[in-house]
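To be precise, the following lines are structure-v7.csv, and they hold CSV, C-alpha atoms and all ligand atoms.
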chain,number,residue,atom,x,y,z
A,87,MET,CA,106.9,108.8,73.5
A,88,THR,CA,110.2,108.2,71.7
A,89,GLU,CA,111.3,106.5,68.6
A,90,ARG,CA,113.7,103.7,69.3
A,91,GLY,CA,115.1,100.6,67.6
A,92,SER,CA,112.7,99.3,65.0
A,93,ALA,CA,109.7,100.1,67.1
A,94,THR,CA,107.6,103.0,65.8
A,95,PHE,CA,106.6,104.1,69.3
A,96,GLU,CA,107.7,103.1,72.7
A,97,GLU,CA,106.5,104.1,76.1
A,98,ILE,CA,107.8,103.1,79.5
A,99,HIS,CA,106.0,103.2,82.8
A,100,SER,CA,107.7,102.4,86.1
A,101,VAL,CA,105.8,100.9,89.0
A,102,GLU,CA,106.9,101.1,92.6
A,103,LYS,CA,106.4,98.3,95.1
A,104,GLY,CA,103.2,98.8,97.1
A,105,ASN,CA,102.0,101.8,95.2
A,106,PHE,CA,98.7,100.5,94.0
A,107,ALA,CA,96.8,103.7,94.6
A,108,THR,CA,98.2,105.0,91.4
A,109,ALA,CA,98.3,101.7,89.6
A,110,GLY,CA,96.2,102.0,86.4
A,111,GLN,CA,97.9,105.1,85.2
A,112,GLY,CA,100.3,103.2,83.0
A,113,ALA,CA,97.5,101.3,81.4
A,114,ALA,CA,95.5,104.5,80.9
A,115,ALA,CA,98.5,106.2,79.3
A,116,PHE,CA,99.1,103.2,77.0
A,117,LYS,CA,95.4,103.1,76.1
A,118,ASN,CA,95.4,106.8,75.2
A,119,MET,CA,98.6,106.5,73.1
A,120,LEU,CA,97.2,103.6,71.1
A,121,LYS,CA,93.9,105.3,70.6
A,122,LYS,CA,95.8,108.4,69.2
A,123,LEU,CA,97.7,106.1,66.9
A,124,GLY,CA,94.4,104.9,65.5
A,125,VAL,CA,94.9,101.3,66.6
A,126,ASN,CA,91.7,99.1,66.3
A,127,SER,CA,89.6,99.5,69.4
A,128,SER,CA,89.4,95.8,70.3
A,129,VAL,CA,93.2,95.6,70.3
A,130,VAL,CA,93.3,98.8,72.4
A,131,ARG,CA,90.9,97.2,74.8
A,132,ARG,CA,93.0,94.0,75.1
A,133,VAL,CA,96.2,95.8,75.6
A,134,ALA,CA,94.6,98.0,78.2
A,135,ILE,CA,93.4,95.0,80.2
A,136,ALA,CA,96.7,93.2,80.0
A,137,SER,CA,98.6,96.3,81.0
A,138,TYR,CA,96.4,97.0,83.9
A,139,GLU,CA,96.7,93.5,85.3
A,140,ALA,CA,100.5,93.5,84.8
A,141,GLU,CA,100.7,96.9,86.4
A,142,ILE,CA,98.7,95.9,89.5
A,143,ASN,CA,100.8,92.7,89.8
A,144,LEU,CA,104.0,94.8,89.8
A,145,ALA,CA,102.6,97.0,92.6
A,146,ILE,CA,101.2,94.1,94.7
A,147,HIS,CA,103.5,91.2,94.1
A,148,SER,CA,106.8,92.5,92.9
A,149,ASP,CA,109.6,94.6,94.5
A,150,GLY,CA,109.2,97.1,91.7
A,151,GLY,CA,109.4,97.1,88.0
A,152,LYS,CA,108.3,98.6,84.7
A,153,LEU,CA,106.1,98.1,81.8
A,154,VAL,CA,107.3,98.7,78.3
A,155,LEU,CA,104.9,99.1,75.4
A,156,SER,CA,106.4,99.0,71.9
A,157,VAL,CA,104.4,99.5,68.7
A,158,TYR,CA,105.7,97.9,65.5
A,159,PRO,CA,104.2,98.0,62.0
A,160,GLY,CA,102.5,94.6,62.4
A,161,LYS,CA,102.2,94.1,66.2
A,162,ILE,CA,102.3,95.6,69.7
A,163,ARG,CA,104.6,94.2,72.3
A,164,LEU,CA,104.0,94.7,76.0
A,165,VAL,CA,106.7,93.7,78.5
A,166,SER,CA,106.4,93.6,82.3
A,167,GLU,CA,109.8,93.3,84.0
A,168,ASP,CA,110.5,93.4,87.7
A,169,ILE,CA,113.4,93.1,90.1
A,170,GLY,CA,112.0,90.3,92.2
A,171,PRO,CA,111.0,88.2,94.1
A,172,GLY,CA,110.3,85.9,91.2
A,173,ILE,CA,107.6,83.2,91.0
A,174,ALA,CA,108.3,79.7,92.4
A,175,ASP,CA,105.8,77.7,90.5
A,176,ILE,CA,104.7,79.3,87.2
A,177,GLU,CA,102.2,76.7,86.3
A,178,LEU,CA,100.4,77.2,89.7
A,179,ALA,CA,100.6,81.0,89.3
A,180,MET,CA,98.9,80.8,85.9
A,181,GLN,CA,95.9,78.8,87.3
A,182,GLU,CA,92.7,80.7,87.6
A,183,GLY,CA,91.9,81.3,91.2
A,184,TYR,CA,95.5,80.9,92.5
A,185,SER,CA,96.7,83.9,94.5
A,186,THR,CA,99.1,84.7,97.2
A,187,ALA,CA,97.6,88.1,97.8
A,188,THR,CA,97.5,89.2,101.4
A,189,GLU,CA,94.2,89.6,103.3
A,190,GLU,CA,94.8,93.4,103.2
A,191,VAL,CA,94.7,93.6,99.4
A,192,ARG,CA,92.0,91.0,99.1
A,193,MET,CA,89.8,93.4,101.1
A,194,LEU,CA,90.3,95.9,98.3
A,195,GLY,CA,89.1,93.4,95.7
A,196,PHE,CA,92.4,92.1,94.5
A,197,GLY,CA,93.5,88.5,94.7
A,198,ALA,CA,90.9,86.7,92.6
A,199,GLY,CA,93.8,84.9,90.9
A,200,MET,CA,92.5,86.1,87.6
A,201,GLY,CA,95.1,88.7,86.5
A,202,MET,CA,97.5,86.4,84.7
A,203,PRO,CA,94.8,84.3,83.1
A,204,ASN,CA,93.3,87.7,81.9
A,205,MET,CA,96.7,88.7,80.4
A,206,LYS,CA,97.1,85.4,78.6
A,207,ARG,CA,93.6,85.5,77.2
A,208,CYS,CA,93.9,89.0,76.0
A,209,SER,CA,97.2,88.6,74.2
A,210,ASP,CA,98.1,86.7,71.0
A,211,SER,CA,101.3,85.4,72.5
A,212,PHE,CA,102.3,85.2,76.2
A,213,ASP,CA,105.6,84.2,77.6
A,214,LEU,CA,106.5,84.2,81.3
A,215,LYS,CA,110.1,83.8,82.5
A,216,SER,CA,110.9,83.9,86.2
A,217,ALA,CA,113.7,83.2,88.5
A,218,LEU,CA,113.4,83.2,92.3
A,219,GLY,CA,115.5,86.0,93.8
A,220,LYS,CA,116.0,87.6,90.3
A,221,GLY,CA,112.6,88.6,88.9
A,222,THR,CA,109.9,88.0,86.5
A,223,THR,CA,109.6,89.0,82.8
A,224,ILE,CA,106.3,88.7,81.0
A,225,THR,CA,106.3,89.3,77.2
A,226,MET,CA,102.9,89.7,75.5
A,227,GLU,CA,102.3,90.3,71.8
A,228,PHE,CA,99.2,91.6,70.1
A,229,ASN,CA,98.8,91.3,66.3
A,230,LEU,CA,97.7,94.3,64.4
B,252,MET,CA,67.9,103.8,80.4
B,253,THR,CA,70.3,106.6,81.0
B,254,VAL,CA,72.4,107.3,84.1
B,255,SER,CA,70.3,110.3,84.8
B,256,GLN,CA,67.1,108.2,84.6
B,257,LEU,CA,68.7,105.7,86.9
B,258,ILE,CA,69.5,108.4,89.5
B,259,ASP,CA,65.9,109.5,89.5
B,260,ALA,CA,64.3,106.1,89.5
B,261,LEU,CA,66.3,104.7,92.4
B,262,GLU,CA,66.9,108.0,94.2
B,263,MET,CA,70.6,107.6,94.0
B,264,LYS,CA,73.1,110.2,95.2
B,265,LEU,CA,75.3,111.7,92.4
B,266,LEU,CA,78.8,112.1,93.9
B,267,THR,CA,80.7,113.4,90.9
B,268,LYS,CA,80.3,116.8,89.2
B,269,GLY,CA,80.7,117.5,85.5
B,270,THR,CA,80.5,114.0,84.2
B,271,ASP,CA,78.1,112.9,81.4
B,272,ILE,CA,75.0,111.5,83.0
B,273,SER,CA,73.1,111.4,79.8
B,274,ARG,CA,74.9,108.3,78.8
B,275,GLU,CA,73.0,105.1,78.0
B,276,ILE,CA,73.5,102.2,80.4
B,277,LYS,CA,74.2,99.2,78.1
B,278,GLY,CA,74.5,96.5,80.8
B,279,GLY,CA,75.5,95.9,84.3
B,280,CYS,CA,77.7,93.9,86.7
B,281,VAL,CA,77.7,93.3,90.4
B,282,CYS,CA,81.1,92.4,91.5
B,283,ASP,CA,83.8,93.3,94.1
B,284,LEU,CA,86.7,91.5,92.5
B,285,LEU,CA,88.6,93.9,90.3
B,286,SER,CA,90.2,91.3,88.0
B,287,LEU,CA,86.8,89.7,87.4
B,288,VAL,CA,85.4,93.0,86.4
B,289,MET,CA,88.4,93.7,84.2
B,290,ALA,CA,87.8,90.3,82.5
B,291,ASN,CA,84.1,90.7,82.0
B,292,GLY,CA,83.5,94.4,81.7
B,293,THR,CA,82.3,96.0,78.5
B,294,GLU,CA,81.8,99.6,77.4
B,295,GLY,CA,78.7,101.4,78.8
B,296,MET,CA,78.2,99.1,81.8
B,297,ALA,CA,76.9,100.2,85.2
B,298,TRP,CA,79.2,98.6,87.8
B,299,ILE,CA,77.7,97.9,91.2
B,300,THR,CA,80.2,97.4,94.0
B,301,VAL,CA,81.1,98.0,97.6
B,302,GLN,CA,84.6,98.9,96.6
B,303,SER,CA,85.3,102.6,96.5
B,304,HIS,CA,89.0,103.1,96.3
B,305,LEU,CA,91.0,104.7,93.5
B,306,ASN,CA,91.5,101.5,91.5
B,307,VAL,CA,87.8,101.2,91.0
B,308,VAL,CA,88.0,104.4,88.9
B,309,ALA,CA,91.0,103.0,86.9
B,310,VAL,CA,89.0,99.8,86.0
B,311,ALA,CA,85.8,101.8,85.2
B,312,SER,CA,87.8,104.2,83.0
B,313,LEU,CA,89.7,101.5,81.1
B,314,HIS,CA,86.4,100.0,80.2
B,315,ASP,CA,84.6,103.3,79.7
B,316,PHE,CA,81.8,102.3,82.0
B,317,ALA,CA,78.7,104.5,82.1
B,318,CYS,CA,78.8,104.7,85.9
B,319,VAL,CA,80.0,103.1,89.1
B,320,ILE,CA,77.3,102.6,91.8
B,321,VAL,CA,78.7,102.2,95.3
B,322,CYS,CA,76.0,100.2,97.1
B,323,ASP,CA,75.0,99.3,100.6
B,324,GLY,CA,75.6,102.8,101.8
B,325,CYS,CA,79.4,102.3,101.6
B,326,GLU,CA,81.4,105.5,102.0
B,327,VAL,CA,83.3,106.9,99.0
B,328,ASP,CA,86.6,108.7,99.6
B,329,ALA,CA,87.0,112.3,98.4
B,330,ASP,CA,90.1,111.0,96.5
B,331,THR,CA,88.0,108.6,94.5
B,332,VAL,CA,85.5,111.2,93.6
B,333,ALA,CA,88.2,113.7,92.5
B,334,LYS,CA,89.9,111.1,90.4
B,335,ALA,CA,86.5,110.0,88.8
B,336,GLU,CA,85.8,113.6,87.9
B,337,GLU,CA,89.2,113.9,86.3
B,338,GLU,CA,88.5,110.7,84.3
B,339,GLY,CA,84.9,111.6,83.4
B,340,ILE,CA,83.5,108.6,85.3
B,341,THR,CA,80.2,109.1,87.1
B,342,VAL,CA,80.1,107.7,90.6
B,343,LEU,CA,76.7,107.2,92.4
B,344,SER,CA,76.0,106.0,95.8
B,345,SER,CA,73.0,104.2,97.2
B,346,ALA,CA,71.8,102.7,100.5
B,347,LEU,CA,70.2,99.8,98.5
B,348,SER,CA,71.9,96.4,98.2
B,349,GLY,CA,73.6,95.3,95.0
B,350,TYR,CA,70.9,92.7,94.6
B,351,GLU,CA,68.1,95.2,94.8
B,352,ILE,CA,69.8,97.8,92.5
B,353,ALA,CA,70.6,95.1,89.9
B,354,GLY,CA,67.0,93.7,90.1
B,355,ARG,CA,65.4,97.1,89.6
B,356,MET,CA,67.7,98.0,86.7
B,357,TYR,CA,66.9,94.7,85.0
B,358,GLU,CA,63.2,95.4,85.5
B,359,LYS,CA,63.6,98.7,83.8
B,360,GLY,CA,65.1,97.0,80.7
B,361,VAL,CA,68.9,97.1,81.3
B,362,LYS,CA,69.9,93.6,80.3
A,401,LIG,N1,105.3,90.2,89.1
A,401,LIG,C1,105.1,89.2,90.0
A,401,LIG,N2,106.1,88.8,90.9
A,401,LIG,C2,106.0,87.8,91.7
A,401,LIG,N3,104.8,87.1,91.8
A,401,LIG,C3,103.8,87.3,91.0
A,401,LIG,C4,103.9,88.4,90.0
A,401,LIG,N4,102.8,88.4,89.3
A,401,LIG,C5,102.0,87.4,89.8
A,401,LIG,N5,102.6,86.8,90.8
A,401,LIG,C6,102.1,85.6,91.5
A,401,LIG,O1,101.1,84.9,90.7
A,401,LIG,C7,99.9,84.9,91.4
A,401,LIG,C8,98.8,84.9,90.4
A,401,LIG,O2,98.7,86.2,89.8
A,401,LIG,P1,97.3,86.8,89.3
A,401,LIG,O3,97.5,88.1,88.7
A,401,LIG,O4,96.7,85.8,88.3
A,401,LIG,O5,96.4,86.8,90.5
A,401,LIG,P2,96.4,87.9,91.8
A,401,LIG,O6,97.2,89.0,91.4
A,401,LIG,O7,96.8,87.1,93.0
A,401,LIG,O8,94.9,88.2,91.8
A,401,LIG,P3,94.1,89.2,90.8
A,401,LIG,O9,95.0,89.5,89.7
A,401,LIG,O10,92.9,88.4,90.4
A,401,LIG,O11,93.7,90.4,91.6
A,401,LIG,C9,100.0,86.0,92.4
A,401,LIG,O12,99.1,85.8,93.5
A,401,LIG,C10,101.4,86.0,92.8
A,401,LIG,O13,101.7,84.9,93.7
A,402,MG,MG,96.9,90.1,89.6

Show this structure as structure tokens.
Amino acid sequence: MTERGSATFEEIHSVEKGNFATAGQGAAAFKNMLKKLGVNSSVVRRVAIASYEAEINLAIHSDGGKLVLSVYPGKIRLVSEDIGPGIADIELAMQEGYSTATEEVRMLGFGAGMGMPNMKRCSDSFDLKSALGKGTTITMEFNL
Amino acid sequence: MTVSQLIDALEMKLLTKGTDISREIKGGCVCDLLSLVMANGTEGMAWITVQSHLNVVAVASLHDFACVIVCDGCEVDADTVAKAEEEGITVLSSALSGYEIAGRMYEKGVK
């Protein structure tokens, strides 16, 4: 936990490609930090859900990336940033039920195509930018 | 009903040590798709599933579920049990189907 820029608190969690056994640790750390800061429990819950879904997507769909949680006086910002492969059709990716998850991870209960819709529903603002071959950046904000 | 009462009523196997089994079960869900549980879960739920890997504990912990019930006699990895103990999540196993467990819980007033 460090003080940086105008954010009161910032915490970064890196996620390696394919490492979904430990996925969820970032979301858990964020949840604990926000609880300690005394953030309203319904906001903590929404940030935890969005962080978890972003974290799992980084592990399953990306070549690696990180989550950055920043707490400002009036809002919380959660950014998921990865190094590729990018999303070809964003509109399609945002549709409930759309998933490119492999059979292997579907067997583990991933791939319902609900993660990004969950993130969007949980956040007060949701912005997704992606470029094939470059990567995907999702910025979510939660009002306090 | 509490987790402890559920264990007795349905003769479930308690896999975790040191977690709070006096917790009240406030609701339930039967689902094997993690992001659906993530979307619909609420605090105090009993989650019935055939999934038993580490991410199940992560989801249960983020939602502060009362317990996870691995049904249909599915095996639970030692890793999962260890992680659940660390997170304070009770994991139960049962040979019964998800349908039967949910039905019996509902009958006993968990709604
Ligand atoms: N960081 C990412 N990089 C590349 N593609 C992604 C990324 N995140 C999501 N996607 C694409 O968007 C699709 C939809 O994502 P979403 O999280 O909604 O569903 P899912 O991960 O497939 O399944 P679920 O989240 O329900 O387990 C994915 O299947 C994948 O094709
Ligand atoms: Mg997903």

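With distances taken over all atoms listed in the file, B:Ala290 is the one residue among B:Leu265, B:Ile272, B:Val254, B:Ala290 lying closest to ligand LIG 401 (chain A).
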
Please provide the set of residues having any atom within 10 Å of Tyr184 (chain A), restricted to only C-alpha atoms, with same-chain residues fewer than 2 positions apart removed, written as a PyMOL selection string. chain A and resi 178-182+186-187+197-202

Rank A:Phe212, A:Phe95, A:Phe228, A:Tyr138 by their smallest atom-to-atom distance to His314 (chain B), using only C-alpha atoms, and report the top residue only.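 Going through A:Phe212, A:Phe95, A:Phe228, A:Tyr138 one by one, the smallest distance to His314 (chain B) is for A:Tyr138.
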
From the list A:Lys152, A:Lys220, A:Arg132, A:Lys122, which residue is nearest chain B when using all atoms listed in the file?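 Under the stated criterion, the closest residue is A:Arg132.
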
So how many Å separate CA of Ser303 (chain B) and CA of Val101 (chain A), to one decimal? 21.9 Å

Between B:Cys322, B:Val307, B:Ala346, B:Leu285, which has the minimum distance to ligand MG 402 (chain A) (counting only C-alpha atoms and all ligand atoms)? B:Leu285

Contact residues (chain B, partner chain A, 9 Å, all atoms listed in the file) as a list of chain:residue names: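 So the residues of chain B near chain A are B:Asp283, B:Leu284, B:Leu285, B:Ser286, B:Leu287, B:Met289, B:Ala290, B:Gln302, B:Ser303, B:His304, B:Leu305, B:Asn306, B:Val308, B:Ala309, B:Val310, B:Ser312, B:Leu313, B:His314.
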